[in-house]
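Data file: entry-v4.cif. Format and content: mmCIF, C-alpha atoms.
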```cif
data_work
#
loop_
_atom_site.label_atom_id
_atom_site.label_comp_id
_atom_site.auth_asym_id
_atom_site.auth_seq_id
_atom_site.Cartn_x
_atom_site.Cartn_y
_atom_site.Cartn_z
CA MET A 723 -7.49 -26.77 2.94
CA THR A 724 -9.75 -26.69 5.99
CA TYR A 725 -9.60 -23.72 8.34
CA HIS A 726 -8.58 -24.38 11.93
CA PRO A 727 -8.29 -21.61 14.58
CA ASP A 728 -4.67 -22.55 15.30
CA ASP A 729 -3.76 -21.52 11.74
CA ALA A 730 -3.47 -17.94 12.99
CA ALA A 731 -0.36 -18.90 14.91
CA CYS A 732 1.47 -20.51 12.00
CA TRP A 733 0.66 -18.75 8.72
CA TRP A 734 4.31 -19.18 7.72
CA ARG A 735 3.79 -22.93 7.48
CA ASP A 736 2.18 -22.22 4.12
CA ALA A 737 5.45 -22.42 2.18
CA ALA A 738 4.02 -20.75 -0.93
CA GLY A 739 2.62 -17.81 1.05
CA LEU A 740 5.86 -17.29 2.95
CA GLN A 741 7.91 -17.44 -0.26
CA ARG A 742 5.61 -14.99 -2.04
CA MET A 743 5.86 -12.50 0.82
CA VAL A 744 9.64 -12.81 1.21
CA VAL A 745 10.28 -12.52 -2.54
CA ASP A 746 8.08 -9.45 -2.87
CA LEU A 747 9.90 -7.80 0.02
CA LEU A 748 13.37 -8.59 -1.34
CA ALA A 749 12.42 -7.53 -4.87
CA ALA A 750 11.06 -4.20 -3.64
CA GLU A 751 14.12 -3.55 -1.50
CA LEU A 752 16.52 -4.43 -4.30
CA ALA A 753 14.61 -2.22 -6.75
CA ALA A 754 14.91 0.68 -4.31
CA LEU A 755 18.65 0.09 -4.08
CA ARG A 756 18.95 0.04 -7.89
CA PRO A 757 16.82 2.91 -9.25
CA GLY A 758 16.42 2.78 -12.99
CA ARG A 759 17.94 -0.70 -13.38
CA GLN A 760 16.09 -3.74 -14.65
CA LEU A 761 15.46 -6.47 -12.09
CA GLN A 762 14.31 -10.05 -12.48
CA ALA A 763 10.59 -9.96 -11.79
CA PRO A 764 8.99 -12.29 -9.24
CA PRO A 765 8.24 -15.10 -8.81
CA TRP A 766 11.75 -16.32 -8.01
CA PRO A 767 12.61 -20.01 -7.68
CA ALA A 768 13.75 -21.19 -4.27
CA ALA A 769 17.11 -22.18 -5.78
CA LEU A 770 17.84 -18.60 -6.88
CA ASP A 771 21.09 -17.21 -5.46
CA LEU A 772 20.91 -13.56 -4.50
CA ARG A 773 24.63 -13.04 -4.98
CA HIS A 774 25.23 -14.99 -8.18
CA ASP A 775 21.88 -14.78 -9.99
CA LEU A 776 20.96 -11.20 -9.00
CA ALA A 777 24.51 -9.88 -8.55
CA ALA A 778 23.68 -8.52 -5.09
CA ASP A 779 26.84 -7.12 -3.51
CA SER A 780 27.68 -7.16 0.20
CA LEU A 781 25.99 -3.83 0.94
CA GLU A 782 22.82 -4.85 -0.89
CA LEU A 783 22.75 -8.19 0.90
CA MET A 784 23.05 -6.38 4.21
CA GLY A 785 20.12 -4.13 3.31
CA LEU A 786 18.00 -7.08 2.19
CA ALA A 787 18.77 -9.04 5.36
CA SER A 788 17.93 -6.06 7.53
CA ALA A 789 14.60 -5.55 5.76
CA LEU A 790 13.65 -9.20 6.18
CA GLU A 791 14.61 -9.33 9.84
CA THR A 792 12.73 -6.08 10.52
CA GLN A 793 9.49 -7.06 8.80
CA LEU A 794 9.28 -10.56 10.27
CA HIS A 795 10.82 -9.70 13.66
CA LEU A 796 13.40 -12.43 13.19
CA ARG A 797 15.50 -13.23 16.21
CA GLY A 798 16.57 -16.77 15.40
CA THR A 799 18.85 -16.28 12.38
CA ALA A 800 22.14 -16.62 14.28
CA ASP A 801 22.30 -20.34 13.48
CA ALA A 802 21.70 -19.62 9.77
CA PRO A 803 23.34 -16.25 9.04
CA LEU A 804 21.72 -14.66 6.02
CA LEU A 805 24.87 -12.98 4.72
CA THR A 806 26.83 -16.21 4.37
CA ARG A 807 24.05 -18.26 2.72
CA THR A 808 22.66 -16.35 -0.20
CA ARG A 809 20.25 -18.79 -1.83
CA LEU A 810 16.61 -17.83 -1.49
CA GLU A 811 15.76 -21.21 0.05
CA ASP A 812 18.31 -20.53 2.83
CA TRP A 813 16.64 -17.23 3.61
CA LEU A 814 13.24 -18.91 3.62
CA ASP A 815 14.54 -21.50 6.06
CA ALA A 816 15.88 -18.73 8.29
CA ALA A 817 12.54 -16.92 8.13
CA LEU A 818 10.70 -20.11 9.04
CA ALA A 819 12.98 -20.75 12.01
CA GLY A 820 12.68 -17.18 13.24
CA LEU A 821 8.88 -17.17 12.95
CA ASP A 822 8.67 -20.52 14.73
CA ALA A 823 10.63 -18.91 17.57
CA ASP A 824 8.33 -15.86 17.71
CA GLY A 825 5.80 -15.01 15.02
CA SER A 826 3.57 -12.87 17.22
CA ALA A 827 3.96 -9.61 15.26
CA LEU A 828 5.02 -8.12 11.93
CA THR A 829 6.18 -4.68 10.89
CA PHE A 830 4.96 -3.01 7.71
CA ARG A 831 6.13 0.32 6.34
CA THR A 832 4.05 3.23 5.14
CA SER A 833 4.44 4.40 1.57
CA GLY A 834 5.92 7.70 2.71
CA SER A 835 3.19 9.69 0.95
CA SER A 836 3.32 12.34 3.68
CA GLY A 837 6.98 12.05 4.62
CA ALA A 838 9.64 9.39 5.04
CA PRO A 839 8.30 5.82 5.23
CA LYS A 840 7.84 4.73 8.82
CA PRO A 841 7.56 1.29 10.41
CA CYS A 842 4.18 0.17 11.75
CA ARG A 843 4.14 -2.80 14.11
CA HIS A 844 1.06 -5.04 14.06
CA PRO A 845 0.42 -7.92 16.46
CA LEU A 846 -0.63 -10.99 14.52
CA ALA A 847 -3.70 -11.31 16.75
CA LEU A 848 -5.05 -7.98 15.43
CA LEU A 849 -4.38 -8.91 11.80
CA TRP A 850 -6.19 -12.19 12.33
CA GLN A 851 -9.08 -10.30 13.91
CA GLU A 852 -9.46 -8.32 10.68
CA VAL A 853 -9.23 -11.45 8.55
CA GLY A 854 -12.12 -12.92 10.54
CA ALA A 855 -14.27 -9.92 9.62
CA LEU A 856 -13.18 -10.13 5.97
CA ALA A 857 -14.07 -13.82 5.81
CA THR A 858 -17.62 -12.98 6.88
CA LEU A 859 -17.76 -10.21 4.30
CA LEU A 860 -16.44 -12.36 1.42
CA PRO A 861 -18.08 -15.81 1.57
CA GLY A 862 -18.11 -18.36 -1.20
CA ARG A 863 -14.68 -17.59 -2.67
CA ARG A 864 -12.79 -20.47 -4.31
CA ARG A 865 -9.57 -18.79 -5.44
CA ILE A 866 -7.56 -15.67 -4.61
CA VAL A 867 -6.19 -13.78 -7.62
CA SER A 868 -3.42 -11.49 -6.42
CA LEU A 869 -2.47 -8.34 -8.30
CA VAL A 870 -0.64 -6.72 -5.37
CA PRO A 871 2.65 -7.33 -3.52
CA ALA A 872 2.35 -9.64 -0.52
CA HIS A 873 4.80 -7.77 1.74
CA HIS A 874 2.53 -4.72 2.09
CA ILE A 875 -0.12 -4.97 4.79
CA TYR A 876 -2.98 -5.01 2.26
CA GLY A 877 -1.43 -7.80 0.22
CA PHE A 878 -0.45 -9.76 3.32
CA LEU A 879 -3.96 -9.66 4.76
CA PHE A 880 -5.74 -10.62 1.53
CA THR A 881 -3.27 -13.00 -0.15
CA VAL A 882 -1.52 -14.66 2.80
CA LEU A 883 -3.84 -14.64 5.83
CA LEU A 884 -7.29 -14.54 4.21
CA PRO A 885 -6.80 -17.73 2.12
CA ARG A 886 -6.01 -19.61 5.32
CA ARG A 887 -9.11 -18.23 7.03
CA LEU A 888 -11.31 -19.12 4.04
CA GLY A 889 -9.73 -22.55 3.61
CA ILE A 890 -8.52 -21.71 0.09
CA ASP A 891 -5.49 -23.50 -1.31
CA ALA A 892 -5.34 -21.65 -4.63
CA VAL A 893 -3.62 -18.23 -4.69
CA CYS A 894 -2.86 -17.20 -8.26
CA ASP A 895 -0.46 -14.30 -8.89
CA LEU A 896 -1.46 -12.63 -12.18
CA ARG A 897 0.50 -9.41 -11.86
CA GLY A 898 1.84 -8.24 -15.19
CA HIS A 899 -1.16 -9.43 -17.19
CA ALA A 900 -2.95 -6.90 -19.38
CA PRO A 901 -6.62 -6.33 -18.42
CA ALA A 902 -8.06 -8.39 -21.29
CA ALA A 903 -5.70 -11.29 -20.61
CA LEU A 904 -6.48 -11.08 -16.90
CA ALA A 905 -10.23 -11.10 -17.53
CA ALA A 906 -9.91 -14.19 -19.71
CA GLN A 907 -8.29 -16.15 -16.86
CA LEU A 908 -10.85 -15.32 -14.17
CA MET A 909 -13.22 -18.06 -13.02
CA PRO A 910 -16.44 -18.19 -11.02
CA GLY A 911 -15.72 -17.80 -7.32
CA ASP A 912 -12.54 -15.75 -7.81
CA LEU A 913 -11.61 -12.96 -5.41
CA VAL A 914 -9.43 -10.44 -7.26
CA ILE A 915 -7.17 -8.29 -5.06
CA GLY A 916 -6.27 -5.03 -6.80
CA HIS A 917 -5.90 -1.27 -6.36
CA PRO A 918 -7.56 1.78 -7.98
CA ASP A 919 -5.09 2.24 -10.85
CA LEU A 920 -5.47 -1.41 -11.78
CA TRP A 921 -9.26 -1.23 -11.66
CA ARG A 922 -9.15 1.91 -13.80
CA ALA A 923 -7.26 0.06 -16.54
CA PHE A 924 -9.46 -3.01 -16.05
CA GLY A 925 -12.65 -1.03 -16.50
CA GLN A 926 -11.36 0.49 -19.73
CA ALA A 927 -10.09 -2.66 -21.45
CA ALA A 928 -11.38 -5.86 -19.86
CA GLY A 929 -13.90 -7.99 -21.69
CA PRO A 930 -16.92 -9.81 -20.24
CA LEU A 931 -16.16 -11.79 -17.09
CA ALA A 932 -17.14 -15.17 -15.77
CA PRO A 933 -20.03 -14.97 -13.29
CA ASP A 934 -19.50 -14.57 -9.54
CA VAL A 935 -16.14 -12.77 -9.68
CA VAL A 936 -15.62 -10.37 -6.75
CA GLY A 937 -13.02 -7.62 -6.68
CA VAL A 938 -11.36 -5.79 -3.78
CA THR A 939 -9.62 -2.43 -3.89
CA SER A 940 -7.61 -0.54 -1.30
CA THR A 941 -4.31 1.39 -0.79
CA ALA A 942 -5.83 4.64 -2.13
CA PRO A 943 -9.32 6.13 -2.65
CA CYS A 944 -11.22 4.56 -5.56
CA PRO A 945 -12.98 7.28 -7.59
CA PRO A 946 -16.68 6.54 -8.20
CA GLU A 947 -16.26 6.48 -11.97
CA VAL A 948 -13.49 3.87 -11.65
CA ALA A 949 -15.68 1.65 -9.46
CA ARG A 950 -18.63 1.98 -11.83
CA ALA A 951 -16.50 1.10 -14.87
CA ALA A 952 -15.02 -1.94 -13.12
CA LEU A 953 -18.49 -3.13 -12.14
CA GLY A 954 -19.55 -2.57 -15.73
CA THR A 955 -17.23 -5.37 -16.85
CA GLY A 956 -19.37 -7.88 -15.00
CA LEU A 957 -17.87 -7.96 -11.50
CA ALA A 958 -20.41 -9.27 -9.03
CA ARG A 959 -19.09 -6.84 -6.37
CA LEU A 960 -16.22 -4.42 -5.88
CA VAL A 961 -15.45 -4.18 -2.17
CA GLN A 962 -13.57 -1.02 -1.21
CA VAL A 963 -11.54 -1.21 2.00
CA TYR A 964 -10.56 1.96 3.85
CA GLY A 965 -7.49 1.81 6.07
CA SER A 966 -3.77 2.48 6.22
CA SER A 967 -0.46 0.90 7.11
CA GLU A 968 -0.85 2.39 10.59
CA THR A 969 -4.38 1.09 11.32
CA ALA A 970 -4.88 -1.81 8.88
CA GLY A 971 -8.52 -2.03 7.76
CA VAL A 972 -11.01 0.37 9.31
CA GLY A 973 -14.13 0.11 7.15
CA TRP A 974 -15.61 -1.11 3.87
CA ARG A 975 -18.26 -0.46 1.26
CA ASP A 976 -19.39 -2.22 -1.91
CA GLU A 977 -21.07 0.72 -3.60
CA ALA A 978 -19.35 3.03 -6.08
CA GLU A 979 -20.26 5.89 -3.77
CA GLY A 980 -21.75 6.15 -0.31
CA GLY A 981 -20.49 5.63 3.18
CA TYR A 982 -18.08 3.11 4.66
CA THR A 983 -19.20 0.70 7.38
CA LEU A 984 -16.80 0.23 10.29
CA PHE A 985 -15.45 -3.25 10.83
CA PRO A 986 -17.17 -4.64 13.94
CA TYR A 987 -14.17 -4.22 16.24
CA TRP A 988 -13.97 -0.43 15.62
CA SER A 989 -16.18 2.13 17.32
CA ARG A 990 -16.48 5.89 17.14
CA THR A 991 -15.36 7.95 20.13
CA ARG A 992 -16.73 11.41 20.61
CA GLN A 993 -14.26 14.07 21.70
CA ASP A 994 -14.90 17.50 23.12
CA LYS A 995 -15.78 20.40 20.82
CA ARG A 996 -12.13 21.28 20.22
CA GLN A 997 -11.24 17.84 18.80
CA ALA A 998 -12.43 15.70 15.94
CA ASP A 999 -14.17 12.40 16.62
CA GLY A 1000 -11.79 9.45 16.74
CA LEU A 1001 -11.86 5.66 16.61
CA VAL A 1002 -11.04 3.00 19.15
CA ARG A 1003 -10.40 -0.69 18.52
CA GLN A 1004 -11.71 -3.50 20.70
CA CYS A 1005 -8.82 -5.98 20.70
CA PRO A 1006 -9.27 -9.75 21.06
CA ASP A 1007 -7.76 -9.66 24.56
CA GLY A 1008 -10.40 -7.16 25.71
CA THR A 1009 -8.19 -4.07 25.69
CA ARG A 1010 -9.18 -0.93 23.80
CA GLN A 1011 -6.74 0.75 21.44
CA PRO A 1012 -7.25 4.29 20.05
CA ALA A 1013 -6.44 4.88 16.38
CA MET A 1014 -4.26 7.55 14.81
CA LEU A 1015 -6.06 8.21 11.52
CA GLN A 1016 -4.56 9.89 8.47
CA ASP A 1017 -7.90 11.39 7.37
CA ARG A 1018 -10.72 13.37 8.85
CA LEU A 1019 -13.96 11.39 8.85
CA ALA A 1020 -17.40 12.80 8.05
CA TRP A 1021 -20.12 10.77 9.78
CA ARG A 1022 -23.57 10.13 8.32
CA ASP A 1023 -26.82 9.69 10.18
CA ASP A 1024 -26.80 5.94 9.42
CA GLY A 1025 -23.48 5.49 11.29
CA ARG A 1026 -21.36 5.18 8.18
CA PHE A 1027 -18.55 7.57 7.27
CA GLN A 1028 -16.70 9.20 4.41
CA PRO A 1029 -13.04 10.26 4.42
CA ASP A 1030 -13.13 14.04 4.44
CA GLY A 1031 -9.63 15.23 3.64
CA ARG A 1032 -6.21 14.14 4.76
CA ILE A 1033 -4.72 15.24 8.07
CA ASP A 1034 -1.37 16.14 6.57
CA GLN A 1035 1.62 15.75 8.82
CA ALA A 1036 3.87 18.75 9.21
CA VAL A 1037 7.53 18.63 8.22
CA GLN A 1038 10.17 21.10 9.31
CA VAL A 1039 11.85 23.42 6.84
CA GLY A 1040 14.31 25.85 8.36
CA GLY A 1041 12.89 25.16 11.82
CA VAL A 1042 9.33 25.99 10.68
CA ASN A 1043 6.46 23.50 10.48
CA VAL A 1044 5.01 23.38 6.95
CA PHE A 1045 2.31 21.15 5.47
CA PRO A 1046 3.17 19.65 2.07
CA GLY A 1047 -0.46 18.71 1.42
CA TYR A 1048 -1.56 22.32 1.84
CA VAL A 1049 1.21 23.52 -0.47
CA ALA A 1050 0.04 21.00 -3.10
CA ASP A 1051 -3.54 22.29 -2.70
CA VAL A 1052 -2.38 25.86 -3.37
CA LEU A 1053 -0.23 24.77 -6.30
CA ARG A 1054 -3.25 23.09 -7.94
CA LEU A 1055 -4.98 26.49 -8.02
CA HIS A 1056 -2.51 27.71 -10.65
CA PRO A 1057 -4.22 27.72 -14.08
CA ALA A 1058 -1.43 25.67 -15.69
CA VAL A 1059 -1.45 22.91 -13.04
CA LEU A 1060 -3.65 19.82 -13.35
CA GLU A 1061 -2.15 17.73 -10.51
CA ALA A 1062 0.63 18.27 -7.98
CA SER A 1063 2.46 16.40 -5.26
CA VAL A 1064 4.72 18.12 -2.72
CA ARG A 1065 7.09 16.60 -0.19
CA ARG A 1066 10.27 17.32 1.68
CA MET A 1067 13.49 16.58 -0.18
CA ARG A 1068 15.44 13.47 0.65
CA PRO A 1069 18.58 14.10 2.74
CA ASP A 1070 20.80 13.81 -0.35
CA GLU A 1071 18.70 16.38 -2.22
CA GLY A 1072 18.49 19.19 0.30
CA GLU A 1073 16.48 20.59 3.18
CA ARG A 1074 13.54 22.25 1.38
CA LEU A 1075 10.31 21.17 -0.31
CA LYS A 1076 10.11 19.80 -3.86
CA ALA A 1077 7.11 19.59 -6.18
CA PHE A 1078 6.04 17.24 -8.96
CA VAL A 1079 3.62 18.85 -11.41
CA VAL A 1080 1.32 17.53 -14.14
CA VAL A 1081 0.43 20.42 -16.41
CA ARG A 1082 -2.87 21.02 -18.18
CA ASP A 1083 -3.25 20.59 -21.93
CA GLY A 1084 -1.69 23.52 -23.72
CA ALA A 1085 0.79 24.38 -20.97
CA VAL A 1086 4.50 23.86 -21.59
CA ALA A 1087 6.55 22.27 -18.80
CA ASP A 1088 9.77 24.27 -19.09
CA ALA A 1089 12.07 26.55 -17.12
CA ALA A 1090 9.76 29.51 -17.73
CA LEU A 1091 6.81 27.69 -16.16
CA GLN A 1092 8.97 26.63 -13.22
CA ALA A 1093 9.99 30.24 -12.60
CA GLY A 1094 6.38 31.33 -12.99
CA LEU A 1095 5.13 28.76 -10.49
CA HIS A 1096 7.74 29.79 -7.95
CA ALA A 1097 6.86 33.47 -8.33
CA TRP A 1098 3.14 32.70 -8.12
CA LEU A 1099 3.55 30.65 -4.93
CA SER A 1100 5.83 33.27 -3.37
CA GLU A 1101 2.90 35.69 -3.45
CA ARG A 1102 0.70 33.25 -1.52
CA LEU A 1103 2.99 31.26 0.78
CA THR A 1104 5.85 31.84 3.17
CA ALA A 1105 9.42 31.18 2.03
CA PRO A 1106 9.71 27.81 3.88
CA GLU A 1107 6.49 26.64 2.20
CA CYS A 1108 7.68 27.34 -1.36
CA PRO A 1109 9.24 24.39 -3.22
CA VAL A 1110 12.67 25.12 -4.63
CA ALA A 1111 12.76 22.21 -7.12
CA TYR A 1112 10.13 21.22 -9.67
CA SER A 1113 9.77 18.06 -11.71
CA PHE A 1114 7.22 17.57 -14.49
CA GLY A 1115 5.64 14.48 -15.99
CA PRO A 1116 2.45 13.11 -17.55
CA ARG A 1117 1.25 11.61 -14.25
CA LEU A 1118 2.05 11.79 -10.56
CA PRO A 1119 4.59 9.22 -9.35
CA ARG A 1120 2.90 6.29 -7.62
CA GLY A 1121 4.04 3.01 -6.16
CA ALA A 1122 2.82 -0.48 -7.03
CA GLY A 1123 -0.16 -0.07 -4.68
CA GLY A 1124 -1.31 3.19 -6.26
CA LYS A 1125 -0.18 5.50 -3.47
CA LEU A 1126 1.81 8.64 -4.16
CA ALA A 1127 5.52 7.87 -4.20
CA ASP A 1128 8.81 9.75 -4.01
CA TRP A 1129 10.68 10.82 -7.13
CA ILE A 1130 14.17 11.88 -8.17
CA ILE A 1131 14.34 15.61 -8.82
CA ASP A 1132 13.92 16.45 -12.53
CA SER A 1133 12.72 12.91 -13.31
CA ASP A 1134 9.84 12.07 -15.63
CA VAL A 1135 7.50 9.20 -14.72
#
```
Could you take the file, read its structure, and then write that structure out as structure tokens?
Amino acid sequence: MTYHPDDAACWWRDAAGLQRMVVDLLAAELAALRPGRQLQAPPWPAALDLRHDLAADSLELMGLASALETQLHLRGTADAPLLTRTRLEDWLDAALAGLDADGSALTFRTSGSSGAPKPCRHPLALLWQEVGALATLLPGRRRIVSLVPAHHIYGFLFTVLLPRRLGIDAVCDLRGHAPAALAAQLMPGDLVIGHPDLWRAFGQAAGPLAPDVVGVTSTAPCPPEVARAALGTGLARLVQVYGSSETAGVGWRDEAEGGYTLFPYWSRTRQDKRQADGLVRQCPDGTRQPAMLQDRLAWRDDGRFQPDGRIDQAVQVGGVNVFPGYVADVLRLHPAVLEASVRRMRPDEGERLKAFVVVRDGAVADAALQAGLHAWLSERLTAPECPVAYSFGPRLPRGAGGKLADWIIDSDV
């Protein structure tokens, strides 16, 4: 495949890329509608029938159709109503028609790590601008190896748009492979798209690699020891991308530690003494767009930066603004707590905060510890800040991309 600038306007004409993105979206939505139930794993054949093969009922079909129309901004499905034609190939045809009518933007959702997931609209022109920078950063690649879902912004950029920009026909989905089996299938020139949890497992178990294999990681911070272990398997580079669903990519580095370099279309804006420095994006049409970052940035003398703590968003409990991230920080000070995640309950669970706790070795996760944690926090926090429900498990709940995820109260993960 040879790159042509007009490809930016018709990414959906790559039938395999469109199908991979649509299937990942539908699979994720259906899994959310069926917690705890087994689901046929992607890839799905185009002939699959959502109603007959996956037993999707009318309410589930409505939710799936809504998710697809929202993400792809479909407006042209009236002539091919999704709810009356339930084969995957019919939905792909409807997506193609809708994108042909107007494919100028997409909407991705946040993981909800600091509250309920929210939609983030991205003009295709800005996504293509990032892909241009990535292509310069990642030359010489012959194949994309995808280990991430294509309907998230990270997966979409690297496994749907980037192959078109690099002129790569081969996108190989190797999700579900154990690290050693994955390593055995990698070839010179591969670009492996993963996330920190995957690279952690890869660094612990993968064997020697073919030469000239480059990895990419994003969705969550990659600890230095994880990056070093992954590089120790023989990766030529591990490129770490810093960004979010709200901003897309902001910066990159290919060192285990050190600062991130801004992508060329971002620049630092200096505020007055009462405000933190921010970022502004130079858009392809010449306009400038300020960024709403989720982290504070610490700037180095060489112009690079390090994330310096999350700017946690407040949620209301009893009419009072509280900060779940701060509550989790306090909870981690308890001698029995190794890790903690705090968030507001879902509407069906209540109106207060809940906590998920990983205990240290030797501590017992039982009702006595729960009561002890509540009493301990009550001495240090206000009543609205104190979680009223605790769940315990061997690790914090995370989604497929490695970001902190929601949980059902009293569940183990």
What are the closest atom pairs, with distances in Å to one decimal, for all residues of segment 843-932 of chain A lying within 12 Å of segment 941-956 of chain A? Consider all atoms listed in the file, order rows by chain and residue number, and present the result as a Markdown table.
```
| residue | atom | partner | partner_atom | distance |
| --- | --- | --- | --- | --- |
| A:Val870 | CA | A:Thr941 | CA | 10.0 |
| A:Pro871 | CA | A:Thr941 | CA | 11.5 |
| A:His874 | CA | A:Thr941 | CA | 9.6 |
| A:Ile875 | CA | A:Thr941 | CA | 9.4 |
| A:Tyr876 | CA | A:Thr941 | CA | 7.2 |
| A:Gly877 | CA | A:Thr941 | CA | 9.7 |
| A:Pro901 | CA | A:Thr955 | CA | 10.8 |
| A:Ala902 | CA | A:Thr955 | CA | 10.6 |
| A:Ala905 | CA | A:Thr955 | CA | 9.1 |
| A:Ala906 | CA | A:Thr955 | CA | 11.8 |
| A:Leu908 | CA | A:Gly956 | CA | 11.3 |
| A:Pro910 | CA | A:Gly956 | CA | 11.4 |
| A:Val914 | CA | A:Ala952 | CA | 11.7 |
| A:Ile915 | CA | A:Thr941 | CA | 11.0 |
| A:Gly916 | CA | A:Thr941 | CA | 9.0 |
| A:His917 | CA | A:Thr941 | CA | 6.4 |
| A:Pro918 | CA | A:Cys944 | CA | 5.2 |
| A:Asp919 | CA | A:Cys944 | CA | 8.4 |
| A:Leu920 | CA | A:Val948 | CA | 9.6 |
| A:Trp921 | CA | A:Ala952 | CA | 6.0 |
| A:Arg922 | CA | A:Val948 | CA | 5.2 |
| A:Ala923 | CA | A:Ala952 | CA | 8.7 |
| A:Phe924 | CA | A:Ala952 | CA | 6.4 |
| A:Gly925 | CA | A:Ala952 | CA | 4.2 |
| A:Gln926 | CA | A:Ala951 | CA | 7.1 |
| A:Ala927 | CA | A:Thr955 | CA | 8.9 |
| A:Ala928 | CA | A:Thr955 | CA | 6.6 |
| A:Gly929 | CA | A:Thr955 | CA | 6.4 |
| A:Pro930 | CA | A:Thr955 | CA | 5.6 |
| A:Leu931 | CA | A:Gly956 | CA | 5.5 |
| A:Ala932 | CA | A:Gly956 | CA | 7.7 |
```
Tell me, as a ChimeraX atom specification, which residues lie within 12 Å of Asp891 of chain A, counting only C-alpha atoms; anything in the same chain fewer than 3 positions away does not count. /A:723-725,736-739,863-867,881-888,894
For the PyMOL selection byres ((chain A and resi 751) around 12), applied here, can you spell out every residue it catches as a CSV table (one decimal) with C-alpha atoms, keeping the file's coordinate frame?
```csv
chain,number,residue,atom,x,y,z
A,744,VAL,CA,9.6,-12.8,1.2
A,745,VAL,CA,10.3,-12.5,-2.5
A,746,ASP,CA,8.1,-9.4,-2.9
A,747,LEU,CA,9.9,-7.8,0.0
A,748,LEU,CA,13.4,-8.6,-1.3
A,749,ALA,CA,12.4,-7.5,-4.9
A,750,ALA,CA,11.1,-4.2,-3.6
A,752,LEU,CA,16.5,-4.4,-4.3
A,753,ALA,CA,14.6,-2.2,-6.8
A,754,ALA,CA,14.9,0.7,-4.3
A,755,LEU,CA,18.6,0.1,-4.1
A,756,ARG,CA,19.0,0.0,-7.9
A,757,PRO,CA,16.8,2.9,-9.2
A,761,LEU,CA,15.5,-6.5,-12.1
A,778,ALA,CA,23.7,-8.5,-5.1
A,782,GLU,CA,22.8,-4.8,-0.9
A,783,LEU,CA,22.8,-8.2,0.9
A,784,MET,CA,23.0,-6.4,4.2
A,785,GLY,CA,20.1,-4.1,3.3
A,786,LEU,CA,18.0,-7.1,2.2
A,787,ALA,CA,18.8,-9.0,5.4
A,788,SER,CA,17.9,-6.1,7.5
A,789,ALA,CA,14.6,-5.6,5.8
A,790,LEU,CA,13.6,-9.2,6.2
A,793,GLN,CA,9.5,-7.1,8.8
A,831,ARG,CA,6.1,0.3,6.3
A,873,HIS,CA,4.8,-7.8,1.7
```
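A straight line drawn from atom CA of Ala970 of chain A to atom CA of Thr983 of chain A is 14.6 Å long.
The neighbours of Arg975 of chain A here are the residues that come within 7 Å of it, using all atoms listed in the file and leaving out any residue fewer than 2 positions away in the same chain; they are Val961, Gln962, Val963, Glu977, Gly981, Tyr982 and Thr983 of chain A.
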Point (3.4, -10.1, 13.7), cut-off 7 Å, counting only C-alpha atoms, residues as a PyMOL selection string: chain A and resi 794+825-829+844-846
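The coordinates place atom CA of Gly854 of chain A at 19.6 Å from atom CA of Ala1013 of chain A.
Atom CA of Leu740 of chain A lies 22.5 Å from atom CA of His774 of chain A.
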The residue from A:Ala763, A:Val1039, A:Leu984, A:Leu960 with the smallest atom-to-atom distance to Pro1106 of chain A, counting all atoms listed in the file, is A:Val1039
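Between Pro1046 of chain A and the residues A:Leu1075, A:Ala1020, A:Val935, A:Leu1126, the shortest atom-to-atom distance, using all atoms listed in the file, involves A:Leu1075.
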Determine, counting only C-alpha atoms, which protein, DNA and RNA residues have an atom within 10 Å of an atom of Val972 of chain A; residues of the same chain fewer than 4 positions away are not included. Present the result as an mmCIF file with C-alpha atoms, in the frame of the given file.
```
data_model
loop_
_atom_site.group_PDB
_atom_site.id
_atom_site.type_symbol
_atom_site.label_atom_id
_atom_site.label_comp_id
_atom_site.auth_asym_id
_atom_site.auth_seq_id
_atom_site.Cartn_x
_atom_site.Cartn_y
_atom_site.Cartn_z
ATOM 1 C CA GLU A 852 -9.460 -8.320 10.680
ATOM 2 C CA VAL A 963 -11.540 -1.210 2.000
ATOM 3 C CA TYR A 964 -10.560 1.960 3.850
ATOM 4 C CA GLY A 965 -7.490 1.810 6.070
ATOM 5 C CA SER A 966 -3.770 2.480 6.220
ATOM 6 C CA TYR A 982 -18.080 3.110 4.660
ATOM 7 C CA THR A 983 -19.200 0.700 7.380
ATOM 8 C CA LEU A 984 -16.800 0.230 10.290
ATOM 9 C CA PHE A 985 -15.450 -3.250 10.830
ATOM 10 C CA PRO A 986 -17.170 -4.640 13.940
ATOM 11 C CA TYR A 987 -14.170 -4.220 16.240
ATOM 12 C CA TRP A 988 -13.970 -0.430 15.620
ATOM 13 C CA SER A 989 -16.180 2.130 17.320
ATOM 14 C CA LEU A 1001 -11.860 5.660 16.610
ATOM 15 C CA ARG A 1003 -10.400 -0.690 18.520
ATOM 16 C CA ALA A 1013 -6.440 4.880 16.380
ATOM 17 C CA LEU A 1015 -6.060 8.210 11.520
#
```
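For the set A:Arg742, A:Arg735, A:Arg807, A:Lys1076, the residue with the smallest atom-to-atom gap to Ala1062 of chain A is A:Lys1076, counting only C-alpha atoms.
Each of A:Gly889, A:Phe1114, A:Arg1065, A:Leu818 was compared to Ala1089 of chain A using only C-alpha atoms, and A:Phe1114 turns out to be the nearest.
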Residue by residue, what does the PyMOL selection byres ((chain A and resi 1048-1060) around 8) grab here? Present the result as an NGL selection string. :A and (1034 or 1045-1047 or 1061-1064 or 1077 or 1079-1082 or 1085 or 1095 or 1098-1099 or 1107-1108)
